[in-house]
>>> print(open('model_10.cif').read())   # mmCIF, C-alpha atoms
data_structure
#
loop_
_atom_site.label_atom_id
_atom_site.label_comp_id
_atom_site.auth_asym_id
_atom_site.auth_seq_id
_atom_site.Cartn_x
_atom_site.Cartn_y
_atom_site.Cartn_z
CA MET E 912 0.00 0.00 0.00
CA LYS E 913 1.26 3.46 -0.92
CA ARG E 914 2.37 5.58 2.05
CA PRO E 915 0.05 8.57 2.54
CA SER E 916 1.48 11.92 1.51
CA ARG E 917 1.50 14.94 3.79
CA LEU E 918 -1.35 16.42 1.76
CA ASP E 919 -3.43 13.34 2.53
CA TYR E 920 -3.53 14.63 6.12
CA ALA E 921 -5.31 17.86 5.15
CA TYR E 922 -8.66 16.79 6.64
CA ALA E 923 -7.10 15.28 9.77
CA VAL E 924 -5.04 18.39 10.51
CA GLY E 925 -8.06 20.62 9.92
CA ARG E 926 -10.02 18.48 12.36
CA VAL E 927 -7.42 18.66 15.13
CA ARG E 928 -7.05 22.43 14.67
CA VAL E 929 -10.69 22.67 15.74
CA LEU E 930 -10.20 20.22 18.62
CA GLU E 931 -7.09 22.06 19.85
CA LYS E 932 -9.21 25.12 20.57
CA LYS E 933 -11.29 23.07 23.01
CA LEU E 934 -8.33 21.97 25.14
CA VAL E 935 -8.20 23.41 28.65
CA ASP E 936 -5.59 25.99 29.60
CA ARG E 937 -3.28 25.49 32.56
CA ALA E 938 -4.71 28.62 34.20
CA VAL E 939 -8.14 26.98 34.28
CA PHE E 940 -6.78 23.96 36.15
CA SER E 941 -5.02 26.29 38.60
CA GLU E 942 -8.26 28.20 39.16
CA ALA E 943 -10.16 24.95 39.70
CA ALA E 944 -7.56 23.81 42.26
CA GLU E 945 -8.63 26.73 44.46
CA GLU E 946 -12.14 25.30 44.80
CA LYS E 947 -12.98 23.58 48.05
CA ASP E 948 -14.98 20.67 46.70
CA PHE E 949 -14.92 18.19 43.84
CA PRO E 950 -18.08 19.28 41.97
CA SER E 951 -17.03 22.94 41.91
CA ALA E 952 -13.53 22.14 40.69
CA MET E 953 -14.79 19.79 37.99
CA LYS E 954 -17.39 22.30 36.79
CA ILE E 955 -14.75 24.94 36.09
CA VAL E 956 -12.74 22.51 33.97
CA PHE E 957 -15.68 20.96 32.17
CA ASP E 958 -17.18 24.36 31.34
CA SER E 959 -13.90 25.31 29.66
CA GLY E 960 -13.26 22.20 27.58
CA ALA E 961 -14.92 19.47 25.57
CA PHE E 962 -16.01 16.47 27.61
CA SER E 963 -18.85 13.98 27.42
CA GLU E 964 -22.06 14.69 29.32
CA GLU E 965 -21.42 11.55 31.33
CA MET E 966 -18.09 12.84 32.53
CA ILE E 967 -19.64 16.04 33.80
CA LYS E 968 -21.85 13.91 36.08
CA ALA E 969 -18.91 12.28 37.90
CA LYS E 970 -19.45 12.29 41.65
CA ASN E 971 -16.38 10.56 43.04
CA SER E 972 -12.95 9.21 42.12
CA GLU E 973 -14.31 5.86 40.94
CA ASP E 974 -16.78 7.59 38.63
CA LEU E 975 -14.03 9.85 37.39
CA ASP E 976 -11.59 7.01 36.67
CA ASN E 977 -14.23 5.02 34.77
CA LEU E 978 -15.30 8.02 32.72
CA ILE E 979 -11.72 9.09 31.96
CA GLU E 980 -11.06 5.57 30.74
CA LYS E 981 -14.02 5.92 28.36
CA GLU E 982 -12.72 9.30 27.18
CA GLU E 983 -9.32 7.74 26.50
CA GLU E 984 -10.94 4.94 24.51
CA GLU E 985 -12.86 7.50 22.46
CA LEU E 986 -9.63 9.45 21.89
CA GLU E 987 -7.94 6.28 20.63
CA ARG E 988 -10.82 5.61 18.24
CA GLU E 989 -10.57 9.15 16.91
CA LEU E 990 -6.79 8.98 16.46
CA ASP E 991 -7.14 5.60 14.76
CA GLU E 992 -9.36 7.31 12.20
CA LEU E 993 -7.23 10.43 11.75
CA LEU E 994 -3.77 8.88 11.69
CA LEU E 995 -3.52 7.32 8.24
CA GLU E 996 -0.48 5.20 9.05
CA LYS E 997 -0.73 2.25 11.42
CA GLU E 998 2.86 2.76 12.50
CA ILE E 999 2.15 6.28 13.82
CA PHE E 1000 -1.02 5.13 15.58
CA ASP E 1001 0.96 2.33 17.24
CA ILE E 1002 3.50 4.88 18.47
CA PHE E 1003 0.64 6.93 19.92
CA LEU E 1004 -0.78 3.87 21.70
CA LYS E 1005 2.64 2.99 23.14
CA GLU E 1006 3.70 6.59 23.90
CA LYS E 1007 3.38 6.04 27.67
CA LYS E 1008 5.89 3.17 27.38
CA PRO E 1009 8.78 4.83 25.53
CA ARG E 1010 10.87 1.66 25.16
CA LYS E 1011 8.09 0.03 23.12
CA ALA E 1012 7.26 3.27 21.30
CA LEU E 1013 10.91 3.66 20.25
CA ALA E 1014 10.97 0.16 18.78
CA VAL E 1015 8.00 1.08 16.56
CA SER E 1016 9.32 4.54 15.69
CA LYS E 1017 12.69 3.32 14.38
CA GLY E 1018 11.19 2.77 10.97
CA SER E 1019 9.37 6.09 10.92
CA ASP E 1020 10.17 8.86 8.45
CA TYR E 1021 8.79 11.49 10.80
CA GLY E 1022 11.67 12.93 12.81
CA PHE E 1023 9.43 15.07 15.01
CA ILE E 1024 7.62 12.04 16.39
CA LYS E 1025 10.75 9.93 16.69
CA ASP E 1026 12.58 12.73 18.53
CA PHE E 1027 9.65 13.14 20.94
CA ILE E 1028 10.03 9.51 21.98
CA LYS E 1029 13.79 9.97 22.36
CA HIS E 1030 13.20 12.94 24.65
CA LYS E 1031 10.79 10.82 26.70
CA ILE E 1032 13.48 8.18 27.09
CA ASP E 1033 16.06 10.74 28.24
CA LEU E 1034 13.67 12.29 30.74
CA ALA E 1035 12.59 8.90 32.05
CA ASN E 1036 16.25 8.04 32.61
CA LEU E 1037 16.89 11.31 34.47
CA LYS E 1038 13.85 10.71 36.66
CA ILE E 1039 14.88 7.12 37.45
CA PHE E 1040 18.46 8.24 38.05
CA CYS E 1041 17.37 10.99 40.46
CA ARG E 1042 15.00 8.78 42.44
CA LEU E 1043 17.47 5.91 42.81
CA LYS E 1044 20.30 8.22 43.89
CA TYR E 1045 18.02 9.90 46.43
CA LEU E 1046 16.95 6.52 47.82
CA GLY E 1047 20.55 5.33 48.04
CA ALA E 1048 20.04 2.46 45.60
CA PRO E 1049 23.10 0.90 43.93
CA LYS E 1050 24.00 1.96 40.39
CA GLU E 1051 23.34 -1.60 39.23
CA LYS E 1052 19.68 -0.87 39.86
CA PHE E 1053 19.86 2.09 37.51
CA GLU E 1054 21.70 0.04 34.93
CA MET E 1055 18.85 -2.47 35.04
CA LEU E 1056 16.01 0.08 34.82
CA SER E 1057 17.50 2.65 32.43
CA LEU E 1058 16.38 2.87 28.81
CA GLU E 1059 18.57 2.95 25.71
CA GLY E 1060 17.88 4.90 22.56
CA GLY E 1061 17.58 8.50 23.69
CA PHE E 1062 19.79 11.47 22.85
CA LEU E 1063 21.59 11.28 26.20
CA ASP E 1064 24.16 8.51 26.57
CA VAL E 1065 23.07 6.43 29.57
CA LYS E 1066 26.73 5.53 30.19
CA ILE E 1067 27.37 9.13 31.27
CA LEU E 1068 24.85 8.78 34.08
CA LEU E 1069 26.00 5.30 34.98
CA ASP E 1070 29.68 6.31 35.19
CA ASN E 1071 28.78 9.26 37.41
CA PHE E 1072 26.12 7.63 39.54
CA ASP E 1073 28.00 8.38 42.75
CA SER E 1074 28.64 12.04 41.91
CA PRO E 1075 26.77 14.77 43.88
CA PHE E 1076 23.56 16.04 42.30
CA PRO E 1077 24.98 19.47 41.34
CA GLU E 1078 27.81 17.86 39.37
CA ILE E 1079 25.31 16.03 37.18
CA ALA E 1080 24.13 19.39 35.85
CA ASP E 1081 27.61 19.98 34.46
CA LEU E 1082 27.46 16.66 32.63
CA ILE E 1083 24.20 17.53 30.88
CA GLN E 1084 24.79 21.25 30.31
CA ALA E 1085 25.02 20.69 26.56
CA THR E 1086 21.54 19.12 26.55
CA PRO E 1087 18.13 20.84 26.78
CA TYR E 1088 17.57 19.21 30.19
CA GLU E 1089 20.02 21.21 32.32
CA LYS E 1090 17.53 23.85 33.48
CA LEU E 1091 14.78 21.45 34.54
CA TRP E 1092 17.37 19.22 36.24
CA LYS E 1093 18.80 22.09 38.30
CA LYS E 1094 15.39 23.30 39.41
CA GLY E 1095 14.20 19.80 40.20
CA VAL E 1096 17.30 18.90 42.20
CA ASP E 1097 17.28 22.21 44.09
CA THR E 1098 13.70 21.54 45.21
CA LEU E 1099 14.54 17.96 46.09
CA GLU E 1100 17.46 18.98 48.30
CA GLU E 1101 15.59 21.89 49.93
CA LYS E 1102 12.11 20.37 50.35
CA GLU E 1103 12.61 16.63 49.79
CA THR E 1104 10.06 16.47 46.97
CA PHE E 1105 10.27 15.47 43.31
CA ILE E 1106 7.40 17.76 42.35
CA ASP E 1107 9.46 20.31 40.40
CA LEU E 1108 11.37 17.64 38.52
CA GLU E 1109 8.20 15.82 37.53
CA ARG E 1110 6.41 19.01 36.49
CA GLY E 1111 9.51 20.19 34.65
CA ILE E 1112 9.58 16.97 32.64
CA GLU E 1113 5.92 17.29 31.69
CA ASP E 1114 6.38 20.97 30.79
CA PHE E 1115 9.35 20.16 28.58
CA LEU E 1116 7.44 17.54 26.63
CA MET E 1117 4.41 19.79 26.16
CA ILE E 1118 6.57 22.67 24.93
CA TYR E 1119 8.17 20.29 22.44
CA LEU E 1120 4.77 19.06 21.20
CA LYS E 1121 3.60 22.63 20.58
CA LYS E 1122 6.06 22.83 17.70
CA ALA E 1123 3.61 20.66 15.77
CA LYS E 1124 1.26 23.65 15.58
CA HIS E 1125 3.58 25.07 12.93
CA ILE E 1126 3.47 21.95 10.75
CA VAL E 1127 0.88 22.50 8.03
CA PHE E 1128 0.30 18.94 6.80
CA GLY E 1129 1.29 15.52 8.07
CA PRO E 1130 0.66 13.22 11.05
CA GLU E 1131 2.63 15.34 13.53
CA PRO E 1132 -0.20 17.76 14.52
CA VAL E 1133 -2.58 14.81 14.92
CA PHE E 1134 -0.11 12.87 17.05
CA ALA E 1135 0.66 15.97 19.15
CA TYR E 1136 -3.02 16.67 19.75
CA GLY E 1137 -3.61 13.07 20.84
CA VAL E 1138 -0.78 13.18 23.39
CA ALA E 1139 -1.94 16.62 24.58
CA LYS E 1140 -5.53 15.42 25.08
CA ARG E 1141 -4.29 12.39 26.98
CA HIS E 1142 -2.25 14.74 29.17
CA GLU E 1143 -5.34 16.88 29.76
CA LEU E 1144 -7.25 13.84 30.98
CA ASN E 1145 -4.38 13.07 33.37
CA LEU E 1146 -4.67 16.60 34.75
CA VAL E 1147 -8.42 16.12 35.21
CA ARG E 1148 -7.68 12.97 37.19
CA LEU E 1149 -5.03 14.77 39.24
CA LEU E 1150 -7.40 17.64 40.01
CA GLY E 1151 -10.29 15.35 40.88
CA ILE E 1152 -8.31 13.11 43.21
CA GLY E 1153 -6.60 16.15 44.72
CA THR E 1154 -9.85 17.90 45.63
CA LEU E 1155 -11.44 14.69 46.90
CA SER E 1156 -8.38 14.06 49.07
CA ASN E 1157 -8.43 17.64 50.41
CA ILE E 1158 -4.93 18.34 49.16
CA PRO E 1159 -4.14 22.04 49.86
CA PRO E 1160 -4.58 24.20 46.73
CA GLU E 1161 -1.02 25.52 46.84
CA ILE E 1162 0.37 21.97 46.68
CA LEU E 1163 -2.08 20.85 44.02
CA LYS E 1164 -1.32 23.87 41.82
CA LYS E 1165 2.40 23.12 41.93
CA ARG E 1166 1.70 19.69 40.45
CA ILE E 1167 -0.31 21.06 37.54
CA SER E 1168 1.97 21.12 34.50
CA GLY E 1169 1.67 23.02 31.25
CA THR E 1170 -0.99 22.29 28.63
CA TYR E 1171 -1.12 22.50 24.85
CA VAL E 1172 -2.81 25.93 24.86
#
>>> encode(input="model_10.cif", output="structure tokens")
Amino acid sequence: MKRPSRLDYAYAVGRVRVLEKKLVDRAVFSEAAEEKDFPSAMKIVFDSGAFSEEMIKAKNSEDLDNLIEKEEEELERELDELLLEKEIFDIFLKEKKPRKALAVSKGSDYGFIKDFIKHKIDLANLKIFCRLKYLGAPKEKFEMLSLEGGFLDVKILLDNFDSPFPEIADLIQATPYEKLWKKGVDTLEEKETFIDLERGIEDFLMIYLKKAKHIVFGPEPVFAYGVAKRHELNLVRLLGIGTLSNIPPEILKKRISGTYV
């Protein structure tokens, strides 16, 4: 079968341009985090985005999880229709498991999508590296859990596993991860929390995906929208569980990462 051309994606890209406008802004999630109860917080988000009527009726975390799962299934059906190449759809399905996504993406001609997965591998390695060092785990544990195939050579981290956190920043200063690493590690050492590192990773990936907005035709804008919508649903889950668990707004807002809008 002939590979679809970029122009073949004209309808799909036009469709996602409409859907992009319905994604919820980070500021809306932050505003909703200030609400004192679950229904009020959910209403602010649902009034600002595009969600099923069922989802708006969620009353508790179990309802929310079940309805988000349905939304994710609907998203997958939509992406299956819009992505004209099975290979790209498979990458989207496996995006949350970068090792598997990379294996599929190796044959892809779309550098934007392939590079996104490589960035995910690098950032997963930095997160694993940071957590294991903080917990005092041996470097053999990192060697076992780390992922190959990113831009950052895992051997650099492995060879310097016993180095102090600040020195790691010098090792990755030529990469785009230095800033988020420094901020994440500073917060970890000062407040013993990974929250800034985790949010920094999510922000980095969303900023990268936004580059797809400048691609006129092709699967990239469709793929980027799908990942962004999935991220939005994760934020809805975070907000819902946070309000139900009475997590203080200031803490919940710090966990809310950037969105596609």
>>> closest_atom_pairs(input="model_10.cif", of="range 922-990 of chain E", to="range 1137-1157 of chain E", cutoff="7 Å", atoms="only C-alpha atoms", output="CSV")
residue,atom,partner,partner_atom,distance
E:Ala944,CA,E:Leu1150,CA,6.6
E:Lys947,CA,E:Thr1154,CA,6.9
E:Asp948,CA,E:Thr1154,CA,5.9
E:Phe949,CA,E:Thr1154,CA,5.4
E:Met953,CA,E:Gly1151,CA,7.0
E:Ser972,CA,E:Ile1152,CA,6.2
E:Ile979,CA,E:Leu1144,CA,6.6
E:Glu983,CA,E:Arg1141,CA,6.9
E:Leu990,CA,E:Gly1137,CA,6.8
>>> resolve_selection(input="model_10.cif", expression="the PyMOL selection byres ((chain E and resi 1080-1083) around 12)", output="PyMOL selection string")
chain E and resi 1033-1034+1037+1041+1062-1072+1074-1079+1084-1097
>>> resolve_selection(input="model_10.cif", expression="the PyMOL selection byres ((chain E and resi 1058) around 9)", output="list in words")
Pro1009, Arg1010, Ile1032, Asp1033, Ala1035, Asn1036, Glu1054, Met1055, Leu1056, Ser1057, Glu1059, Gly1060, Gly1061 and Val1065 of chain E
>>> atom_distance(input="model_10.cif", atom1="CA of Ile1028 in chain E", atom2="CA of Leu930 in chain E")
23.1 Å
>>> residues_around(input="model_10.cif", residues="Glu1109 in chain E", least_positions_apart="6", cutoff="9 Å", atoms="all atoms listed in the file", output="PyMOL selection string")
chain E and resi 1038+1095+1166+1168
>>> closest_residue(input="model_10.cif", among="E:Phe1134, E:Phe1128, E:Asp958, E:Val935", to="Asp1001 in chain E", atoms="all atoms listed in the file")
E:Phe1134
>>> resolve_selection(input="model_10.cif", expression="the PyMOL selection byres ((chain E and resi 1114-1121) around 7)", output="ChimeraX atom specification")
/E:1110-1113,1122-1124,1135,1168-1171
>>> atom_distance(input="model_10.cif", atom1="CA of Lys1102 in chain E", atom2="CA of Lys1031 in chain E")
25.5 Å
>>> residues_around(input="model_10.cif", residues="Lys981 in chain E", least_positions_apart="5", cutoff="10 Å", atoms="only C-alpha atoms", output="list in words")
Ser963, Glu965, Met966, Leu975, Asp976, Leu986 and Glu987 of chain E
>>> atom_distance(input="model_10.cif", atom1="CA of Ala969 in chain E", atom2="CA of Pro950 in chain E")
8.1 Å
>>> residues_around(input="model_10.cif", residues="Pro1130 in chain E", least_positions_apart="4", cutoff="8 Å", atoms="all atoms listed in the file", output="PyMOL selection string")
chain E and resi 917+920+924+994-995+999+1134
>>> residues_around(input="model_10.cif", residues="Gly1018 in chain E", least_positions_apart="3", cutoff="9 Å", atoms="all atoms listed in the file", output="JSON, numbers by chain")
{"E": [998, 1014, 1015]}
>>> build_atoms(input="model_10.cif", residues="range 987-1012 of chain E", atoms="N, CA, C and O atoms", output="PDB file, in the coordinates of the input")
ATOM      1  N   GLU E 987      -8.653   7.275  21.442  1.00  0.00           N
ATOM      2  CA  GLU E 987      -7.940   6.280  20.630  1.00  0.00           C
ATOM      3  C   GLU E 987      -8.699   5.965  19.347  1.00  0.00           C
ATOM      4  O   GLU E 987      -8.095   5.816  18.280  1.00  0.00           O
ATOM      5  N   ARG E 988     -10.023   5.867  19.442  1.00  0.00           N
ATOM      6  CA  ARG E 988     -10.820   5.610  18.240  1.00  0.00           C
ATOM      7  C   ARG E 988     -10.686   6.766  17.247  1.00  0.00           C
ATOM      8  O   ARG E 988     -10.571   6.546  16.032  1.00  0.00           O
ATOM      9  N   GLU E 989     -10.688   7.983  17.778  1.00  0.00           N
ATOM     10  CA  GLU E 989     -10.570   9.150  16.910  1.00  0.00           C
ATOM     11  C   GLU E 989      -9.199   9.220  16.247  1.00  0.00           C
ATOM     12  O   GLU E 989      -9.091   9.498  15.043  1.00  0.00           O
ATOM     13  N   LEU E 990      -8.152   8.946  17.019  1.00  0.00           N
ATOM     14  CA  LEU E 990      -6.790   8.980  16.460  1.00  0.00           C
ATOM     15  C   LEU E 990      -6.587   7.843  15.457  1.00  0.00           C
ATOM     16  O   LEU E 990      -5.861   8.017  14.463  1.00  0.00           O
ATOM     17  N   ASP E 991      -7.222   6.710  15.690  1.00  0.00           N
ATOM     18  CA  ASP E 991      -7.140   5.600  14.760  1.00  0.00           C
ATOM     19  C   ASP E 991      -7.713   5.996  13.396  1.00  0.00           C
ATOM     20  O   ASP E 991      -7.218   5.593  12.341  1.00  0.00           O
ATOM     21  N   GLU E 992      -8.734   6.830  13.431  1.00  0.00           N
ATOM     22  CA  GLU E 992      -9.360   7.310  12.200  1.00  0.00           C
ATOM     23  C   GLU E 992      -8.522   8.387  11.518  1.00  0.00           C
ATOM     24  O   GLU E 992      -8.383   8.410  10.286  1.00  0.00           O
ATOM     25  N   LEU E 993      -7.939   9.282  12.313  1.00  0.00           N
ATOM     26  CA  LEU E 993      -7.230  10.430  11.750  1.00  0.00           C
ATOM     27  C   LEU E 993      -5.793  10.146  11.340  1.00  0.00           C
ATOM     28  O   LEU E 993      -5.270  10.777  10.426  1.00  0.00           O
ATOM     29  N   LEU E 994      -5.147   9.231  12.047  1.00  0.00           N
ATOM     30  CA  LEU E 994      -3.770   8.880  11.690  1.00  0.00           C
ATOM     31  C   LEU E 994      -3.821   7.819  10.595  1.00  0.00           C
ATOM     32  O   LEU E 994      -4.264   6.693  10.818  1.00  0.00           O
ATOM     33  N   LEU E 995      -3.368   8.176   9.416  1.00  0.00           N
ATOM     34  CA  LEU E 995      -3.520   7.320   8.240  1.00  0.00           C
ATOM     35  C   LEU E 995      -2.486   6.216   8.140  1.00  0.00           C
ATOM     36  O   LEU E 995      -2.553   5.393   7.238  1.00  0.00           O
ATOM     37  N   GLU E 996      -1.538   6.221   9.053  1.00  0.00           N
ATOM     38  CA  GLU E 996      -0.480   5.200   9.050  1.00  0.00           C
ATOM     39  C   GLU E 996      -0.512   4.419  10.353  1.00  0.00           C
ATOM     40  O   GLU E 996      -0.436   5.008  11.437  1.00  0.00           O
ATOM     41  N   LYS E 997      -0.635   3.109  10.246  1.00  0.00           N
ATOM     42  CA  LYS E 997      -0.730   2.250  11.420  1.00  0.00           C
ATOM     43  C   LYS E 997       0.471   2.418  12.339  1.00  0.00           C
ATOM     44  O   LYS E 997       0.337   2.396  13.565  1.00  0.00           O
ATOM     45  N   GLU E 998       1.618   2.604  11.735  1.00  0.00           N
ATOM     46  CA  GLU E 998       2.860   2.760  12.500  1.00  0.00           C
ATOM     47  C   GLU E 998       2.773   3.950  13.462  1.00  0.00           C
ATOM     48  O   GLU E 998       3.153   3.847  14.635  1.00  0.00           O
ATOM     49  N   ILE E 999       2.248   5.081  12.977  1.00  0.00           N
ATOM     50  CA  ILE E 999       2.150   6.280  13.820  1.00  0.00           C
ATOM     51  C   ILE E 999       1.106   6.075  14.908  1.00  0.00           C
ATOM     52  O   ILE E 999       1.300   6.495  16.059  1.00  0.00           O
ATOM     53  N   PHE E1000       0.007   5.420  14.572  1.00  0.00           N
ATOM     54  CA  PHE E1000      -1.020   5.130  15.580  1.00  0.00           C
ATOM     55  C   PHE E1000      -0.457   4.214  16.657  1.00  0.00           C
ATOM     56  O   PHE E1000      -0.742   4.387  17.854  1.00  0.00           O
ATOM     57  N   ASP E1001       0.345   3.240  16.263  1.00  0.00           N
ATOM     58  CA  ASP E1001       0.960   2.330  17.240  1.00  0.00           C
ATOM     59  C   ASP E1001       1.900   3.094  18.178  1.00  0.00           C
ATOM     60  O   ASP E1001       1.965   2.801  19.380  1.00  0.00           O
ATOM     61  N   ILE E1002       2.629   4.062  17.626  1.00  0.00           N
ATOM     62  CA  ILE E1002       3.500   4.880  18.470  1.00  0.00           C
ATOM     63  C   ILE E1002       2.661   5.655  19.479  1.00  0.00           C
ATOM     64  O   ILE E1002       3.017   5.748  20.660  1.00  0.00           O
ATOM     65  N   PHE E1003       1.541   6.203  19.014  1.00  0.00           N
ATOM     66  CA  PHE E1003       0.640   6.930  19.920  1.00  0.00           C
ATOM     67  C   PHE E1003       0.139   6.014  21.041  1.00  0.00           C
ATOM     68  O   PHE E1003       0.127   6.393  22.215  1.00  0.00           O
ATOM     69  N   LEU E1004      -0.274   4.811  20.693  1.00  0.00           N
ATOM     70  CA  LEU E1004      -0.780   3.870  21.700  1.00  0.00           C
ATOM     71  C   LEU E1004       0.289   3.511  22.725  1.00  0.00           C
ATOM     72  O   LEU E1004      -0.011   3.331  23.909  1.00  0.00           O
ATOM     73  N   LYS E1005       1.546   3.421  22.268  1.00  0.00           N
ATOM     74  CA  LYS E1005       2.640   2.990  23.140  1.00  0.00           C
ATOM     75  C   LYS E1005       3.416   4.164  23.740  1.00  0.00           C
ATOM     76  O   LYS E1005       4.412   3.964  24.441  1.00  0.00           O
ATOM     77  N   GLU E1006       2.959   5.380  23.488  1.00  0.00           N
ATOM     78  CA  GLU E1006       3.700   6.590  23.900  1.00  0.00           C
ATOM     79  C   GLU E1006       4.017   6.607  25.394  1.00  0.00           C
ATOM     80  O   GLU E1006       5.069   7.088  25.816  1.00  0.00           O
ATOM     81  N   LYS E1007       3.144   6.050  26.219  1.00  0.00           N
ATOM     82  CA  LYS E1007       3.380   6.040  27.670  1.00  0.00           C
ATOM     83  C   LYS E1007       4.445   5.014  28.073  1.00  0.00           C
ATOM     84  O   LYS E1007       4.907   5.015  29.215  1.00  0.00           O
ATOM     85  N   LYS E1008       4.827   4.148  27.136  1.00  0.00           N
ATOM     86  CA  LYS E1008       5.890   3.170  27.380  1.00  0.00           C
ATOM     87  C   LYS E1008       6.965   3.398  26.330  1.00  0.00           C
ATOM     88  O   LYS E1008       7.000   2.715  25.289  1.00  0.00           O
ATOM     89  N   PRO E1009       7.832   4.392  26.560  1.00  0.00           N
ATOM     90  CA  PRO E1009       8.780   4.830  25.530  1.00  0.00           C
ATOM     91  C   PRO E1009       9.678   3.755  24.942  1.00  0.00           C
ATOM     92  O   PRO E1009      10.074   3.841  23.783  1.00  0.00           O
ATOM     93  N   ARG E1010      10.015   2.719  25.703  1.00  0.00           N
ATOM     94  CA  ARG E1010      10.870   1.660  25.160  1.00  0.00           C
ATOM     95  C   ARG E1010      10.153   0.969  23.982  1.00  0.00           C
ATOM     96  O   ARG E1010      10.738   0.734  22.920  1.00  0.00           O
ATOM     97  N   LYS E1011       8.857   0.679  24.176  1.00  0.00           N
ATOM     98  CA  LYS E1011       8.090   0.030  23.120  1.00  0.00           C
ATOM     99  C   LYS E1011       7.807   1.003  21.977  1.00  0.00           C
ATOM    100  O   LYS E1011       7.835   0.623  20.807  1.00  0.00           O
ATOM    101  N   ALA E1012       7.533   2.264  22.327  1.00  0.00           N
ATOM    102  CA  ALA E1012       7.260   3.270  21.300  1.00  0.00           C
ATOM    103  C   ALA E1012       8.484   3.481  20.410  1.00  0.00           C
ATOM    104  O   ALA E1012       8.368   3.651  19.194  1.00  0.00           O
TER     105      ALA E1012
END
